[in-house]
file target.cif (mmCIF, C-alpha atoms)
data_query
#
loop_
_atom_site.group_PDB
_atom_site.id
_atom_site.type_symbol
_atom_site.label_atom_id
_atom_site.label_comp_id
_atom_site.auth_asym_id
_atom_site.auth_seq_id
_atom_site.Cartn_x
_atom_site.Cartn_y
_atom_site.Cartn_z
ATOM 1 C CA MET A 1 5.995 23.555 -14.536
ATOM 2 C CA SER A 2 9.449 24.426 -13.394
ATOM 3 C CA THR A 3 11.842 25.674 -15.981
ATOM 4 C CA GLY A 4 14.631 26.193 -13.449
ATOM 5 C CA THR A 5 17.631 24.001 -12.832
ATOM 6 C CA THR A 6 15.946 21.682 -10.310
ATOM 7 C CA LYS A 7 15.557 18.116 -11.471
ATOM 8 C CA SER A 8 12.184 17.417 -13.030
ATOM 9 C CA TYR A 9 10.542 14.037 -12.483
ATOM 10 C CA VAL A 10 8.119 14.518 -15.331
ATOM 11 C CA ASP A 11 8.677 12.632 -18.559
ATOM 12 C CA ALA A 12 8.617 14.433 -21.891
ATOM 13 C CA ASN A 13 5.223 13.129 -22.966
ATOM 14 C CA GLU A 14 3.575 14.231 -19.740
ATOM 15 C CA ALA A 15 5.350 17.567 -19.836
ATOM 16 C CA GLU A 16 3.921 18.162 -23.297
ATOM 17 C CA LEU A 17 0.406 17.194 -22.171
ATOM 18 C CA ILE A 18 0.697 19.512 -19.167
ATOM 19 C CA ARG A 19 1.805 22.335 -21.469
ATOM 20 C CA ARG A 20 -1.225 21.745 -23.684
ATOM 21 C CA VAL A 21 -3.620 21.703 -20.728
ATOM 22 C CA CYS A 22 -2.160 24.930 -19.387
ATOM 23 C CA ALA A 23 -2.650 26.402 -22.877
ATOM 24 C CA GLY A 24 -6.364 25.650 -22.561
ATOM 25 C CA GLU A 25 -6.712 22.183 -24.086
ATOM 26 C CA LYS A 26 -8.974 20.412 -21.609
ATOM 27 C CA GLU A 27 -9.017 17.114 -23.494
ATOM 28 C CA ALA A 28 -5.287 16.751 -23.012
ATOM 29 C CA PHE A 29 -5.887 16.554 -19.277
ATOM 30 C CA TYR A 30 -8.006 13.449 -19.702
ATOM 31 C CA GLU A 31 -5.172 11.900 -21.666
ATOM 32 C CA LEU A 32 -2.752 12.893 -18.911
ATOM 33 C CA VAL A 33 -4.718 11.348 -16.033
ATOM 34 C CA ARG A 34 -6.149 8.322 -17.785
ATOM 35 C CA PRO A 35 -3.177 6.004 -17.075
ATOM 36 C CA TYR A 36 -3.545 6.805 -13.364
ATOM 37 C CA GLU A 37 -7.287 6.234 -12.908
ATOM 38 C CA LYS A 38 -6.701 2.973 -11.104
ATOM 39 C CA ALA A 39 -3.929 4.415 -8.927
ATOM 40 C CA VAL A 40 -6.146 7.305 -7.883
ATOM 41 C CA TYR A 41 -9.120 5.063 -7.181
ATOM 42 C CA THR A 42 -6.994 2.573 -5.221
ATOM 43 C CA ALA A 43 -5.472 5.383 -3.133
ATOM 44 C CA ALA A 44 -8.973 6.609 -2.274
ATOM 45 C CA MET A 45 -10.048 3.057 -1.417
ATOM 46 C CA SER A 46 -7.054 2.636 0.882
ATOM 47 C CA ILE A 47 -8.483 5.324 3.114
ATOM 48 C CA LEU A 48 -12.233 5.182 2.575
ATOM 49 C CA ASN A 49 -12.712 1.433 2.154
ATOM 50 C CA ASN A 50 -15.978 2.045 0.314
ATOM 51 C CA GLN A 51 -16.547 1.971 -3.427
ATOM 52 C CA ALA A 52 -18.988 4.878 -3.789
ATOM 53 C CA ASP A 53 -16.984 7.203 -1.528
ATOM 54 C CA ALA A 54 -13.750 6.214 -3.256
ATOM 55 C CA GLU A 55 -15.152 7.062 -6.682
ATOM 56 C CA GLU A 56 -16.512 10.399 -5.494
ATOM 57 C CA VAL A 57 -13.204 11.365 -3.920
ATOM 58 C CA ALA A 58 -11.122 10.060 -6.833
ATOM 59 C CA GLN A 59 -13.084 12.191 -9.283
ATOM 60 C CA GLU A 60 -12.944 15.265 -7.055
ATOM 61 C CA ALA A 61 -9.202 14.793 -6.667
ATOM 62 C CA VAL A 62 -8.686 14.650 -10.424
ATOM 63 C CA LEU A 63 -10.697 17.845 -10.880
ATOM 64 C CA LYS A 64 -8.688 19.497 -8.138
ATOM 65 C CA ALA A 65 -5.503 18.472 -9.904
ATOM 66 C CA PHE A 66 -6.934 20.009 -13.076
ATOM 67 C CA SER A 67 -7.578 23.379 -11.499
ATOM 68 C CA ASN A 68 -4.199 23.353 -9.726
ATOM 69 C CA LEU A 69 -2.127 22.054 -12.602
ATOM 70 C CA SER A 70 -0.355 25.371 -13.162
ATOM 71 C CA ARG A 71 1.040 25.015 -9.622
ATOM 72 C CA PHE A 72 2.576 21.610 -10.335
ATOM 73 C CA ARG A 73 6.329 22.142 -10.268
ATOM 74 C CA GLY A 74 7.564 18.754 -11.415
ATOM 75 C CA GLU A 75 9.334 18.159 -8.098
ATOM 76 C CA ALA A 76 7.703 14.744 -7.949
ATOM 77 C CA LYS A 77 6.297 12.443 -10.586
ATOM 78 C CA PHE A 78 2.926 13.617 -11.847
ATOM 79 C CA SER A 79 1.352 10.356 -10.604
ATOM 80 C CA THR A 80 2.763 10.906 -7.101
ATOM 81 C CA TRP A 81 1.367 14.434 -7.040
ATOM 82 C CA LEU A 82 -2.026 13.161 -8.173
ATOM 83 C CA VAL A 83 -2.076 10.393 -5.556
ATOM 84 C CA GLN A 84 -1.060 12.901 -2.894
ATOM 85 C CA ILE A 85 -4.029 15.132 -3.756
ATOM 86 C CA THR A 86 -6.295 12.075 -3.626
ATOM 87 C CA ILE A 87 -5.007 11.029 -0.202
ATOM 88 C CA ASN A 88 -5.608 14.545 1.134
ATOM 89 C CA GLU A 89 -9.125 14.669 -0.310
ATOM 90 C CA ALA A 90 -9.920 11.225 1.116
ATOM 91 C CA ARG A 91 -8.739 12.263 4.564
ATOM 92 C CA LEU A 92 -10.840 15.415 4.380
ATOM 93 C CA LYS A 93 -13.890 13.363 3.495
ATOM 94 C CA LEU A 94 -13.251 10.961 6.334
ATOM 95 C CA ARG A 95 -12.981 13.867 8.798
ATOM 96 C CA LYS A 96 -16.157 15.448 7.469
ATOM 97 C CA ASP A 97 -18.116 12.196 7.640
ATOM 98 C CA ARG A 98 -16.948 11.387 11.128
ATOM 99 C CA ARG A 99 -17.348 14.890 12.544
ATOM 100 C CA HIS A 100 -20.636 13.979 14.157
ATOM 101 C CA LEU A 101 -19.248 10.837 15.711
ATOM 102 C CA TYR A 102 -17.445 10.550 19.003
ATOM 103 C CA GLU A 103 -14.653 8.541 17.509
ATOM 104 C CA SER A 104 -11.574 10.457 16.503
ATOM 105 C CA VAL A 105 -10.062 10.196 13.059
ATOM 106 C CA ASP A 106 -6.647 10.560 14.598
ATOM 107 C CA GLU A 107 -5.873 7.100 15.786
ATOM 108 C CA PRO A 108 -3.838 6.682 18.955
ATOM 109 C CA LYS A 109 -0.229 7.641 18.446
ATOM 110 C CA SER A 110 0.867 4.750 20.646
ATOM 111 C CA ASP A 111 0.164 2.315 17.813
ATOM 112 C CA ASP A 112 3.507 3.082 16.274
ATOM 113 C CA GLU A 113 5.388 2.648 19.498
ATOM 114 C CA GLY A 114 6.573 -0.578 21.048
ATOM 115 C CA ASP A 115 7.037 -3.845 19.269
ATOM 116 C CA TYR A 116 4.588 -5.991 17.401
ATOM 117 C CA PHE A 117 4.603 -9.590 18.513
ATOM 118 C CA PRO A 118 3.490 -12.096 15.906
ATOM 119 C CA LYS A 119 0.533 -14.076 17.201
ATOM 120 C CA ASP A 120 0.932 -17.089 15.040
ATOM 121 C CA PHE A 121 3.954 -19.082 13.998
ATOM 122 C CA ALA A 122 2.319 -21.267 11.412
ATOM 123 C CA ASP A 123 4.802 -22.455 8.876
ATOM 124 C CA TRP A 124 3.878 -20.896 5.595
ATOM 125 C CA ARG A 125 6.158 -21.609 2.709
ATOM 126 C CA GLU A 126 5.588 -21.585 -1.008
ATOM 127 C CA ILE A 127 2.292 -20.448 -2.437
ATOM 128 C CA PRO A 128 1.251 -22.760 -5.266
ATOM 129 C CA SER A 129 0.223 -20.610 -8.201
ATOM 130 C CA GLU A 130 -3.164 -22.324 -8.486
ATOM 131 C CA THR A 131 -3.889 -21.204 -4.917
ATOM 132 C CA LEU A 132 -3.484 -17.605 -6.003
ATOM 133 C CA GLN A 133 -6.292 -17.977 -8.488
ATOM 134 C CA ARG A 134 -8.804 -19.110 -5.915
ATOM 135 C CA ASN A 135 -11.546 -16.647 -5.172
ATOM 136 C CA GLU A 136 -11.525 -17.772 -1.582
ATOM 137 C CA LEU A 137 -7.997 -16.476 -1.214
ATOM 138 C CA ARG A 138 -8.727 -13.210 -2.987
ATOM 139 C CA ASP A 139 -11.706 -12.634 -0.707
ATOM 140 C CA ALA A 140 -9.642 -13.460 2.364
ATOM 141 C CA LEU A 141 -7.005 -10.964 1.222
ATOM 142 C CA LYS A 142 -9.533 -8.194 0.722
ATOM 143 C CA ARG A 143 -11.125 -8.896 4.086
ATOM 144 C CA ALA A 144 -7.752 -8.913 5.819
ATOM 145 C CA LEU A 145 -6.833 -5.623 4.154
ATOM 146 C CA ALA A 146 -10.158 -4.027 5.022
ATOM 147 C CA GLY A 147 -9.654 -5.135 8.634
ATOM 148 C CA LEU A 148 -6.355 -3.289 9.035
ATOM 149 C CA PRO A 149 -6.360 0.073 10.816
ATOM 150 C CA GLN A 150 -6.474 2.806 8.179
ATOM 151 C CA LYS A 151 -2.943 4.082 8.721
ATOM 152 C CA TYR A 152 -1.498 0.614 8.154
ATOM 153 C CA ARG A 153 -3.764 -0.127 5.214
ATOM 154 C CA GLU A 154 -2.809 3.039 3.341
ATOM 155 C CA VAL A 155 0.915 2.319 3.680
ATOM 156 C CA LEU A 156 0.508 -1.315 2.629
ATOM 157 C CA ILE A 157 -1.554 -0.387 -0.427
ATOM 158 C CA LEU A 158 0.792 2.357 -1.568
ATOM 159 C CA ARG A 159 3.883 0.175 -1.100
ATOM 160 C CA ASP A 160 2.794 -3.343 -1.963
ATOM 161 C CA ILE A 161 -0.016 -2.757 -4.471
ATOM 162 C CA GLN A 162 0.930 0.556 -6.071
ATOM 163 C CA HIS A 163 4.656 -0.142 -5.640
ATOM 164 C CA LEU A 164 5.573 3.377 -4.559
ATOM 165 C CA SER A 165 9.039 3.675 -3.024
ATOM 166 C CA ILE A 166 9.469 4.322 0.706
ATOM 167 C CA GLU A 167 10.267 7.971 -0.116
ATOM 168 C CA GLU A 168 7.260 8.417 -2.397
ATOM 169 C CA THR A 169 4.975 6.816 0.191
ATOM 170 C CA ALA A 170 6.319 9.176 2.863
ATOM 171 C CA GLN A 171 5.802 12.154 0.592
ATOM 172 C CA VAL A 172 2.272 11.201 -0.386
ATOM 173 C CA LEU A 173 1.191 10.528 3.201
ATOM 174 C CA GLY A 174 3.097 13.427 4.718
ATOM 175 C CA ILE A 175 4.962 11.223 7.212
ATOM 176 C CA SER A 176 8.641 10.343 7.729
ATOM 177 C CA THR A 177 10.318 7.435 5.943
ATOM 178 C CA GLY A 178 10.921 5.902 9.381
ATOM 179 C CA ASN A 179 7.193 6.010 10.026
ATOM 180 C CA VAL A 180 6.476 4.398 6.664
ATOM 181 C CA LYS A 181 8.792 1.519 7.544
ATOM 182 C CA THR A 182 7.297 1.034 11.011
ATOM 183 C CA ARG A 183 3.733 1.066 9.705
ATOM 184 C CA LEU A 184 4.627 -1.228 6.835
ATOM 185 C CA LEU A 185 6.182 -3.729 9.252
ATOM 186 C CA ARG A 186 3.030 -3.742 11.365
ATOM 187 C CA ALA A 187 0.744 -3.953 8.368
ATOM 188 C CA ARG A 188 2.602 -6.911 6.910
ATOM 189 C CA LEU A 189 2.883 -8.768 10.216
ATOM 190 C CA GLN A 190 -0.801 -8.243 10.981
ATOM 191 C CA MET A 191 -1.735 -9.473 7.514
ATOM 192 C CA ARG A 192 0.445 -12.519 8.068
ATOM 193 C CA ASP A 193 -1.211 -13.209 11.416
ATOM 194 C CA VAL A 194 -4.632 -13.089 9.797
ATOM 195 C CA LEU A 195 -3.754 -15.063 6.686
ATOM 196 C CA ALA A 196 -1.228 -17.640 7.887
ATOM 197 C CA PRO A 197 -3.712 -19.959 9.636
ATOM 198 C CA GLY A 198 -5.524 -20.431 6.323
ATOM 199 C CA PHE A 199 -2.247 -21.539 4.861
ATOM 200 C CA ASP A 200 -1.854 -24.225 7.481
ATOM 201 C CA GLY A 201 -3.730 -26.214 4.961
ATOM 202 C CA SER A 202 -7.231 -25.126 4.180
ATOM 203 C CA TRP A 203 -6.488 -22.977 1.147
ATOM 204 C CA ILE A 204 -3.995 -25.378 -0.291
ATOM 205 C CA THR A 205 -5.791 -28.645 0.332
ATOM 206 C CA GLY A 206 -9.316 -27.291 -0.024
ATOM 207 C CA LYS A 207 -10.253 -28.731 3.373
ATOM 208 C CA GLN A 208 -12.776 -26.869 5.451
ATOM 209 C CA GLU A 209 -10.822 -27.224 8.682
ATOM 210 C CA TYR A 210 -7.414 -25.686 9.303
ATOM 211 C CA GLU A 211 -4.615 -28.152 9.755
ATOM 212 C CA LYS A 212 -2.238 -27.208 12.476
ATOM 213 C CA VAL A 213 1.356 -27.368 11.408
ATOM 214 C CA ARG A 214 2.769 -25.393 14.271
ATOM 215 C CA PRO A 215 5.969 -26.579 15.879
ATOM 216 C CA TRP A 216 4.273 -27.459 19.201
ATOM 217 C CA MET B 1 33.130 -16.148 9.488
ATOM 218 C CA SER B 2 31.349 -15.883 12.811
ATOM 219 C CA VAL B 3 28.298 -13.697 13.136
ATOM 220 C CA ILE B 4 27.032 -12.076 16.288
ATOM 221 C CA GLU B 5 23.785 -13.631 17.416
ATOM 222 C CA ILE B 6 20.581 -11.699 17.170
ATOM 223 C CA SER B 7 17.380 -12.130 19.194
ATOM 224 C CA CYS B 8 13.944 -13.015 17.757
ATOM 225 C CA LEU B 9 12.652 -9.588 18.795
ATOM 226 C CA GLU B 10 15.394 -7.813 16.864
ATOM 227 C CA VAL B 11 14.652 -10.020 13.861
ATOM 228 C CA TRP B 12 10.937 -9.124 13.967
ATOM 229 C CA ARG B 13 11.749 -5.416 14.061
ATOM 230 C CA GLU B 14 13.723 -5.696 10.829
ATOM 231 C CA ILE B 15 11.787 -8.400 9.026
ATOM 232 C CA SER B 16 9.926 -6.046 6.701
ATOM 233 C CA ASN B 17 13.132 -4.171 5.796
ATOM 234 C CA TYR B 18 14.825 -7.537 5.242
ATOM 235 C CA VAL B 19 12.124 -8.596 2.798
ATOM 236 C CA ASP B 20 12.575 -5.257 1.001
ATOM 237 C CA ASN B 21 16.352 -5.800 0.814
ATOM 238 C CA ASP B 22 16.802 -2.725 2.925
ATOM 239 C CA VAL B 23 19.151 -3.893 5.697
ATOM 240 C CA GLU B 24 22.904 -3.454 5.809
ATOM 241 C CA PRO B 25 25.000 -6.549 4.972
ATOM 242 C CA GLY B 26 26.159 -7.214 8.560
ATOM 243 C CA LEU B 27 22.614 -7.301 9.878
ATOM 244 C CA ARG B 28 21.506 -9.358 6.905
ATOM 245 C CA ALA B 29 24.131 -12.008 7.698
ATOM 246 C CA ARG B 30 23.048 -12.114 11.353
ATOM 247 C CA MET B 31 19.411 -12.496 10.366
ATOM 248 C CA GLU B 32 20.200 -15.248 7.890
ATOM 249 C CA ALA B 33 22.204 -17.130 10.522
ATOM 250 C CA HIS B 34 19.222 -16.764 12.864
ATOM 251 C CA PHE B 35 16.750 -18.111 10.302
ATOM 252 C CA LYS B 36 18.849 -21.268 9.984
ATOM 253 C CA VAL B 37 18.323 -22.133 13.629
ATOM 254 C CA CYS B 38 14.967 -20.552 14.481
ATOM 255 C CA ALA B 39 11.916 -22.184 12.893
ATOM 256 C CA HIS B 40 9.572 -19.508 14.258
ATOM 257 C CA CYS B 41 11.402 -16.608 12.683
ATOM 258 C CA LYS B 42 11.854 -18.576 9.466
ATOM 259 C CA ALA B 43 8.075 -19.100 9.402
ATOM 260 C CA ILE B 44 7.533 -15.389 9.956
ATOM 261 C CA VAL B 45 9.919 -14.256 7.245
ATOM 262 C CA ASP B 46 8.422 -16.722 4.748
ATOM 263 C CA GLY B 47 4.949 -15.559 5.690
ATOM 264 C CA THR B 48 5.857 -11.883 5.416
ATOM 265 C CA ARG B 49 7.317 -12.472 1.974
ATOM 266 C CA ASN B 50 4.132 -14.299 1.007
ATOM 267 C CA VAL B 51 2.007 -11.386 2.221
ATOM 268 C CA VAL B 52 3.966 -8.993 -0.008
ATOM 269 C CA LYS B 53 3.586 -11.322 -2.966
ATOM 270 C CA LEU B 54 -0.079 -12.048 -2.358
ATOM 271 C CA VAL B 55 -1.087 -8.457 -1.799
ATOM 272 C CA GLY B 56 0.853 -7.387 -4.887
ATOM 273 C CA ASP B 57 -0.600 -10.126 -7.089
ATOM 274 C CA GLY B 58 -3.964 -10.855 -5.572
ATOM 275 C CA VAL B 59 -5.574 -7.606 -4.535
ATOM 276 C CA GLU B 60 -6.895 -5.506 -7.275
ATOM 277 C CA TYR B 61 -9.326 -2.694 -6.901
ATOM 278 C CA GLN B 62 -11.177 -2.534 -10.179
ATOM 279 C CA VAL B 63 -12.424 0.954 -10.896
ATOM 280 C CA PRO B 64 -16.223 0.912 -10.979
ATOM 281 C CA GLU B 65 -17.852 0.510 -14.360
ATOM 282 C CA GLY B 66 -18.338 3.803 -16.153
ATOM 283 C CA PHE B 67 -15.732 5.547 -13.990
ATOM 284 C CA SER B 68 -13.702 6.676 -16.962
ATOM 285 C CA LYS B 69 -16.724 8.006 -18.823
ATOM 286 C CA ARG B 70 -17.966 9.951 -15.823
ATOM 287 C CA LEU B 71 -14.518 11.387 -15.306
ATOM 288 C CA TYR B 72 -14.285 12.447 -18.912
ATOM 289 C CA SER B 73 -17.561 14.343 -18.792
ATOM 290 C CA LYS B 74 -16.593 16.027 -15.512
ATOM 291 C CA ILE B 75 -13.337 17.222 -17.053
ATOM 292 C CA LYS B 76 -15.218 18.470 -20.101
ATOM 293 C CA ASP B 77 -17.626 20.413 -17.916
ATOM 294 C CA ALA B 78 -14.943 21.745 -15.590
#

call {"tool": "encode", "arguments": {"input": "target.cif", "output": "structure tokens"}}
result
Amino acid sequence: MSTGTTKSYVDANEAELIRRVCAGEKEAFYELVRPYEKAVYTAAMSILNNQADAEEVAQEAVLKAFSNLSRFRGEAKFSTWLVQITINEARLKLRKDRRHLYESVDEPKSDDEGDYFPKDFADWREIPSETLQRNELRDALKRALAGLPQKYREVLILRDIQHLSIEETAQVLGISTGNVKTRLLRARLQMRDVLAPGFDGSWITGKQEYEKVRPW
Amino acid sequence: MSVIEISCLEVWREISNYVDNDVEPGLRARMEAHFKVCAHCKAIVDGTRNVVKLVGDGVEYQVPEGFSKRLYSKIKDA
């Protein structure tokens, strides 16, 4: 860890754990990463969208962080650094798995250009709290998220589930803050397009058919 | 105070930043004036806000059972 004058983002407890790990205490590393298990797993899921692959990558990423811990400079929060390693490992896995396929991992650049036009103007106001508890809604959310292109899904998960800042998200993904904002806009609007029709009525009233509440 | 009108397209471009409270006050005022008269954009901003809330509250990726244990033994063997 840095002992220079640059600002350190690492809290005292973590700094102490890191010192102990670097002094050879392996068990301290488990203590250090344990609070971030879910964050690491979720980051892997955001890219791989598959439970078994996400676990494999999450565990590899943690081990990679372990062997590279002496290189951690405290220029970001430890959790951000860990998530960044996970994202990189997940991307590597995706490339490796898709190498034999014709499809390219690099999605068309044009996706970020031009405007996104909402497809649906359903009026969607308050969400009753009991609606949130419904499995049907949770399933719909997961499906909608899984259906997003990877580059939108990863931004949405890091921002809206993991609550990373715009800057942290940019750092972790290796893209500009402007790009984070553009992708986040698209991710949220696409999610809204997919989910809003259900809120025309079916999830709130429990009816099987959507009720149209559009202004025309 | 009069605010300069803003088009639906311009509103859509900024809607995610607006929800994140990340637009400058002048633009914010123009967007708010627009929402008062445009039901479509009002529906979109409400929906976008709901997406943020729902995703934040409703999507949870539970780590698979035994994940922690497996991780612990991998660290021990590393």

call {"tool": "atom_distance", "arguments": {"input": "target.cif", "atom1": "CA of Ala76 in chain A", "atom2": "CA of Val10 in chain A"}}
result
7.4 Å

call {"tool": "residues_around", "arguments": {"input": "target.cif", "residues": "Ile87 in chain A", "least_positions_apart": "4", "cutoff": "8 Å", "atoms": "only C-alpha atoms", "output": "list of chain:residue names"}}
result
A:Ala43, A:Ala44, A:Ile47, A:Val83, A:Arg91, A:Val172, A:Leu173

call {"tool": "resolve_selection", "arguments": {"input": "target.cif", "expression": "the PyMOL selection byres ((chain B) within 7 of (chain A))", "output": "PyMOL selection string"}}
result
chain B and resi 16+40+43-44+46-48+51-52+55-56+58-59+61+63+71-72+75-76

call {"tool": "closest_residue", "arguments": {"input": "target.cif", "among": "B:Lys74, B:Ala33, B:Leu27, B:Ser68", "to": "Tyr36 in chain A", "atoms": "all atoms listed in the file"}}
result
B:Ser68

call {"tool": "axis_aligned_box", "arguments": {"input": "target.cif", "around": "range 66-81 of chain A", "padding_each_side": "4 Å", "output": "JSON"}}
result
{"center_x": 0.9, "center_y": 17.9, "center_z": -10.1, "size_x": 24.9, "size_y": 23.0, "size_z": 14.1}

call {"tool": "atom_distance", "arguments": {"input": "target.cif", "atom1": "CA of Ala90 in chain A", "atom2": "CA of Val57 in chain A"}}
result
6.0 Å

call {"tool": "atom_distance", "arguments": {"input": "target.cif", "atom1": "CA of Tyr9 in chain A", "atom2": "CA of Gly74 in chain A"}}
result
5.7 Å

call {"tool": "closest_residue", "arguments": {"input": "target.cif", "among": "B:Glu10, B:Asp77, B:Glu5, B:Glu65", "to": "Ala29 in chain B", "atoms": "only C-alpha atoms"}}
result
B:Glu5
